[in-house]
$ cat model07.pdb   # PDB, C-alpha atoms
ATOM      1  CA  MET Q   1       0.000   0.000   0.000
ATOM      2  CA  ASN Q   2       1.118   3.516  -0.738
ATOM      3  CA  ASN Q   3       1.326   5.014   2.757
ATOM      4  CA  ARG Q   4       0.591   8.529   1.569
ATOM      5  CA  MET Q   5      -3.016   9.588   1.200
ATOM      6  CA  THR Q   6      -4.118  11.967  -1.510
ATOM      7  CA  PRO Q   7      -5.597  15.236  -0.195
ATOM      8  CA  MET Q   8      -9.118  14.032  -1.044
ATOM      9  CA  ILE Q   9      -8.692  10.709   0.773
ATOM     10  CA  GLU Q  10      -6.968  12.375   3.723
ATOM     11  CA  SER Q  11      -9.800  14.881   4.055
ATOM     12  CA  PHE Q  12     -12.392  12.106   4.041
ATOM     13  CA  VAL Q  13     -10.474   9.917   6.501
ATOM     14  CA  PHE Q  14      -9.969  12.733   9.000
ATOM     15  CA  HIS Q  15     -13.566  13.928   8.700
ATOM     16  CA  PHE Q  16     -14.858  10.369   9.099
ATOM     17  CA  GLY Q  17     -12.751  10.120  12.251
ATOM     18  CA  GLU Q  18     -14.473  13.174  13.681
ATOM     19  CA  MET Q  19     -17.866  11.727  12.783
ATOM     20  CA  GLY Q  20     -16.970   8.443  14.474
ATOM     21  CA  SER Q  21     -17.485  10.000  17.887
ATOM     22  CA  SER Q  22     -21.093  10.734  16.892
ATOM     23  CA  TRP Q  23     -21.548   7.107  15.914
ATOM     24  CA  GLY Q  24     -20.217   5.638  19.119
ATOM     25  CA  PHE Q  25     -16.505   5.063  18.532
ATOM     26  CA  ASN Q  26     -13.452   7.251  18.929
ATOM     27  CA  ARG Q  27     -11.726   9.386  16.302
ATOM     28  CA  THR Q  28      -8.903   6.941  15.633
ATOM     29  CA  VAL Q  29     -11.284   4.016  15.131
ATOM     30  CA  GLY Q  30     -13.261   6.173  12.698
ATOM     31  CA  GLN Q  31     -10.093   7.022  10.763
ATOM     32  CA  ILE Q  32      -9.033   3.379  10.591
ATOM     33  CA  TYR Q  33     -12.454   2.383   9.306
ATOM     34  CA  ALA Q  34     -12.508   5.196   6.734
ATOM     35  CA  LEU Q  35      -9.067   4.202   5.457
ATOM     36  CA  LEU Q  36     -10.241   0.600   5.051
ATOM     37  CA  VAL Q  37     -13.461   1.713   3.323
ATOM     38  CA  LEU Q  38     -11.443   3.617   0.723
ATOM     39  CA  SER Q  39      -8.742   0.964   0.263
ATOM     40  CA  LYS Q  40      -9.203  -1.207  -2.783
ATOM     41  CA  LEU Q  41      -7.071  -3.975  -1.291
ATOM     42  CA  PRO Q  42      -6.825  -5.288   2.290
ATOM     43  CA  VAL Q  43      -4.372  -3.288   4.444
ATOM     44  CA  SER Q  44      -1.922  -4.508   7.105
ATOM     45  CA  ALA Q  45      -1.955  -3.053  10.606
ATOM     46  CA  ASN Q  46       1.578  -1.711  10.020
ATOM     47  CA  ASP Q  47       0.445   0.119   6.883
ATOM     48  CA  ILE Q  48      -2.555   1.564   8.740
ATOM     49  CA  ALA Q  49      -0.278   2.808  11.538
ATOM     50  CA  GLU Q  50       2.184   4.365   9.118
ATOM     51  CA  THR Q  51      -0.496   5.941   6.904
ATOM     52  CA  LEU Q  52      -2.408   7.481   9.826
ATOM     53  CA  SER Q  53       0.746   8.281  11.845
ATOM     54  CA  ILE Q  54      -0.557   6.435  14.907
ATOM     55  CA  SER Q  55       0.996   3.754  17.074
ATOM     56  CA  ARG Q  56       0.746   0.093  16.143
ATOM     57  CA  GLY Q  57      -0.897  -0.539  19.547
ATOM     58  CA  ASN Q  58      -3.560   2.073  18.819
ATOM     59  CA  VAL Q  59      -4.226   0.411  15.458
ATOM     60  CA  SER Q  60      -4.515  -2.979  17.141
ATOM     61  CA  MET Q  61      -7.062  -1.679  19.666
ATOM     62  CA  GLY Q  62      -9.003   0.087  16.905
ATOM     63  CA  LEU Q  63      -9.123  -3.015  14.723
ATOM     64  CA  LYS Q  64     -10.258  -5.055  17.712
ATOM     65  CA  GLU Q  65     -13.132  -2.614  18.320
ATOM     66  CA  LEU Q  66     -14.103  -2.640  14.642
ATOM     67  CA  SER Q  67     -14.043  -6.450  14.742
ATOM     68  CA  THR Q  68     -16.301  -6.400  17.801
ATOM     69  CA  TRP Q  69     -18.735  -4.257  15.815
ATOM     70  CA  GLN Q  70     -18.362  -6.800  12.968
ATOM     71  CA  LEU Q  71     -17.271  -4.064  10.581
ATOM     72  CA  VAL Q  72     -13.901  -5.514   9.498
ATOM     73  CA  SER Q  73     -12.477  -8.891   8.579
ATOM     74  CA  LYS Q  74      -8.954 -10.211   8.780
ATOM     75  CA  GLU Q  75      -7.285 -12.247   6.071
ATOM     76  CA  HIS Q  76      -3.913 -13.835   5.505
ATOM     77  CA  LYS Q  77      -1.783 -13.791   2.388
ATOM     78  CA  LYS Q  78       0.151 -16.900   1.503
ATOM     79  CA  GLY Q  79       3.807 -16.554   2.429
ATOM     80  CA  ASP Q  80       3.194 -13.420   4.513
ATOM     81  CA  ARG Q  81       2.985 -13.463   8.301
ATOM     82  CA  LYS Q  82       1.054 -10.190   8.524
ATOM     83  CA  ASP Q  83      -2.700  -9.943   8.936
ATOM     84  CA  TYR Q  84      -4.559  -7.837   6.412
ATOM     85  CA  TYR Q  85      -7.851  -6.084   7.058
ATOM     86  CA  HIS Q  86     -10.803  -5.043   4.936
ATOM     87  CA  THR Q  87     -14.340  -3.843   5.555
ATOM     88  CA  LYS Q  88     -17.230  -6.289   5.699
ATOM     89  CA  GLY Q  89     -20.277  -5.828   3.530
ATOM     90  CA  SER Q  90     -21.770  -2.755   1.962
ATOM     91  CA  MET Q  91     -22.300   0.737   3.338
ATOM     92  CA  TRP Q  92     -25.857  -0.347   4.154
ATOM     93  CA  ASP Q  93     -24.455  -3.256   6.204
ATOM     94  CA  MET Q  94     -22.162  -0.816   8.021
ATOM     95  CA  ALA Q  95     -25.026   1.542   8.807
ATOM     96  CA  ASN Q  96     -27.109  -1.358  10.106
ATOM     97  CA  LYS Q  97     -24.285  -2.520  12.380
ATOM     98  CA  VAL Q  98     -23.781   0.979  13.753
ATOM     99  CA  PHE Q  99     -27.528   1.387  14.365
ATOM    100  CA  GLU Q 100     -27.702  -1.998  16.080
ATOM    101  CA  GLU Q 101     -24.682  -1.372  18.303
ATOM    102  CA  ARG Q 102     -25.934   2.078  19.269
ATOM    103  CA  ARG Q 103     -29.313   0.576  20.140
ATOM    104  CA  LYS Q 104     -27.684  -2.050  22.350
ATOM    105  CA  ARG Q 105     -25.373   0.436  24.052
ATOM    106  CA  GLU Q 106     -27.707   3.417  24.431
ATOM    107  CA  ILE Q 107     -31.381   2.808  23.737
ATOM    108  CA  ASP Q 108     -31.863  -0.590  25.407
ATOM    109  CA  PRO Q 109     -30.312   0.475  28.749
ATOM    110  CA  THR Q 110     -32.366   3.689  28.675
ATOM    111  CA  LEU Q 111     -35.576   1.756  28.037
ATOM    112  CA  SER Q 112     -34.723  -0.550  30.908
ATOM    113  CA  ILE Q 113     -34.271   2.380  33.306
ATOM    114  CA  LEU Q 114     -37.498   3.967  32.077
ATOM    115  CA  ARG Q 115     -39.401   0.710  32.628
ATOM    116  CA  ASP Q 116     -37.978   0.444  36.141
ATOM    117  CA  SER Q 117     -39.097   4.019  36.849
ATOM    118  CA  LEU Q 118     -42.628   3.146  35.797
ATOM    119  CA  MET Q 119     -42.938   0.012  37.933
ATOM    120  CA  GLY Q 120     -43.758   1.687  41.266
ATOM    121  CA  GLN Q 121     -46.756   3.662  42.354
ATOM    122  CA  PRO Q 122     -46.206   7.436  42.440
ATOM    123  CA  ALA Q 123     -45.850   8.797  45.990
ATOM    124  CA  ASP Q 124     -47.390  12.174  45.186
ATOM    125  CA  GLU Q 125     -48.636  14.316  42.327
ATOM    126  CA  ASN Q 126     -45.075  15.375  41.388
ATOM    127  CA  GLU Q 127     -44.098  11.726  40.911
ATOM    128  CA  GLU Q 128     -47.343  11.090  39.034
ATOM    129  CA  TYR Q 129     -46.499  13.948  36.656
ATOM    130  CA  ALA Q 130     -42.941  12.623  36.326
ATOM    131  CA  GLN Q 131     -44.212   9.119  35.547
ATOM    132  CA  ASN Q 132     -46.510  10.494  32.853
ATOM    133  CA  ARG Q 133     -43.550  12.270  31.234
ATOM    134  CA  ILE Q 134     -41.385   9.149  31.576
ATOM    135  CA  THR Q 135     -44.173   7.154  29.897
ATOM    136  CA  GLU Q 136     -44.112   9.592  26.966
ATOM    137  CA  ILE Q 137     -40.329   9.223  26.633
ATOM    138  CA  HIS Q 138     -40.556   5.430  26.942
ATOM    139  CA  ASP Q 139     -43.301   5.182  24.306
ATOM    140  CA  LEU Q 140     -41.387   7.459  21.931
ATOM    141  CA  LEU Q 141     -38.194   5.385  22.258
ATOM    142  CA  GLU Q 142     -40.148   2.133  21.848
ATOM    143  CA  ASN Q 143     -41.793   3.433  18.676
ATOM    144  CA  ILE Q 144     -38.498   4.704  17.286
ATOM    145  CA  THR Q 145     -36.859   1.349  18.054
ATOM    146  CA  LYS Q 146     -39.637  -0.618  16.326
ATOM    147  CA  TRP Q 147     -39.569   1.732  13.355
ATOM    148  CA  THR Q 148     -35.779   1.500  13.070
ATOM    149  CA  GLN Q 149     -35.913  -2.299  13.235
ATOM    150  CA  SER Q 150     -38.502  -2.269  10.446
ATOM    151  CA  LEU Q 151     -36.219  -0.081   8.350
ATOM    152  CA  GLN Q 152     -33.260  -2.351   9.037
ATOM    153  CA  ALA Q 153     -35.247  -5.318   7.729
ATOM    154  CA  LEU Q 154     -35.645  -3.619   4.346
ATOM    155  CA  SER Q 155     -33.269  -4.285   1.496
ATOM    156  CA  PRO Q 156     -31.141  -1.334   0.356
ATOM    157  CA  GLU Q 157     -33.344  -1.066  -2.738
ATOM    158  CA  GLN Q 158     -36.543  -0.951  -0.646
ATOM    159  CA  LEU Q 159     -35.048   1.635   1.692
ATOM    160  CA  ASN Q 160     -33.934   3.805  -1.235
ATOM    161  CA  GLY Q 161     -37.457   3.598  -2.631
ATOM    162  CA  LEU Q 162     -38.909   4.610   0.723
ATOM    163  CA  MET Q 163     -36.507   7.551   1.032
ATOM    164  CA  LYS Q 164     -37.385   8.726  -2.480
ATOM    165  CA  LEU Q 165     -41.012   8.976  -1.389
ATOM    166  CA  GLY Q 166     -39.835  11.742   0.931
ATOM    167  CA  SER Q 167     -42.441  14.402   1.487
ATOM    168  CA  GLY Q 168     -45.015  12.308  -0.359
ATOM    169  CA  VAL Q 169     -45.470  10.240   2.807
ATOM    170  CA  SER Q 170     -46.307  13.304   4.895
ATOM    171  CA  LYS Q 171     -48.808  14.413   2.235
ATOM    172  CA  VAL Q 172     -50.538  11.028   2.442
ATOM    173  CA  ILE Q 173     -50.651  11.277   6.249
ATOM    174  CA  ASP Q 174     -52.070  14.813   6.053
ATOM    175  CA  LEU Q 175     -54.693  13.652   3.570
ATOM    176  CA  THR Q 176     -55.587  10.696   5.782
ATOM    177  CA  HIS Q 177     -56.066  13.027   8.741
ATOM    178  CA  LYS Q 178     -58.342  15.282   6.687
ATOM    179  CA  ILE Q 179     -60.456  12.448   5.277
ATOM    180  CA  MET Q 180     -60.664  10.034   8.192
ATOM    181  CA  PRO Q 181     -61.793  11.036  11.703
ATOM    182  CA  LYS Q 182     -59.276  10.348  14.482
ATOM    183  CA  ARG Q 183     -61.232   7.488  16.089
ATOM    184  CA  GLU Q 184     -61.290   5.563  12.757
ATOM    185  CA  ARG Q 185     -57.502   5.875  12.367
ATOM    186  CA  GLU Q 186     -56.812   4.345  15.789
TER     187      GLU Q 186
END

$ encode --input "model07.pdb" --output "structure tokens"
Amino acid sequence: MNNRMTPMIESFVFHFGEMGSSWGFNRTVGQIYALLVLSKLPVSANDIAETLSISRGNVSMGLKELSTWQLVSKEHKKGDRKDYYHTKGSMWDMANKVFEERRKREIDPTLSILRDSLMGQPADENEEYAQNRITEIHDLLENITKWTQSLQALSPEQLNGLMKLGSGVSKVIDLTHKIMPKRERE
């Protein structure tokens, strides 16, 4: 591998690293993943370290995290003792893995805490108000989780079709609300 990135690739890799923190992994892990996404051939850990100017140990920890997320695979080349890494699946597969891991790490524990908060009887009207608000948050997260899981079950082609509908969906919903009384929609 040529250990020098072009300005375009470098810009993408560094930006992707910054975005990684929004997706649930650190900057370096994001940069490693971006480099692998843009690499036509599998890349050794040594080449990753040299290209990104980071320690071999940092690369090893980053690759381990990406493996845990099931975003990279390791392969061996005959006659070479090094391990080589490449991304698994399509961009859609990557997005699904990130969504799933974020759900496990963030949404599921939050839902669990919300459910626990709703188990007891409120002691006074302040707790009753709080429980009503917690119920709203819980129901919203449950609905978002179910909706996201439905989206994840779609093929990339189906999802692209759904996204192309765009504002058409909201127009259909508005029309439904105008035509059909609320009690019939429920």

$ resolve_selection --input "model07.pdb" --expression "the PyMOL selection byres ((chain Q and resi 59) around 8)" --output "MDAnalysis selection string"
chainID Q and resid 29 32 45 48:49 54:58 60:63

$ resolve_selection --input "model07.pdb" --expression "the PyMOL selection byres ((chain Q and resi 83) around 10)" --output "VMD selection string"
chain Q and resid 42 to 46 73 to 77 80 to 82 84 to 85

$ resolve_selection --input "model07.pdb" --expression "the PyMOL selection byres ((chain Q and resi 89) around 10)" --output "list in words"
Gln70, Leu71, Val72, Ser73, His86, Thr87, Lys88, Ser90, Met91, Trp92, Asp93 and Met94 of chain Q

$ atom_distance --input "model07.pdb" --atom1 "CA of Asn132 in chain Q" --atom2 "CA of Thr110 in chain Q"
16.2 Å

$ axis_aligned_box --input "model07.pdb" --around "range 162-167 of chain Q" --padding-each-side "5 Å" --output "JSON"
{"center_x": -39.5, "center_y": 9.5, "center_z": -0.5, "size_x": 15.9, "size_y": 19.8, "size_z": 14.0}

$ atom_distance --input "model07.pdb" --atom1 "CA of Thr145 in chain Q" --atom2 "CA of Ala95 in chain Q"
15.0 Å

$ atom_distance --input "model07.pdb" --atom1 "CA of Lys40 in chain Q" --atom2 "CA of Met163 in chain Q"
28.9 Å
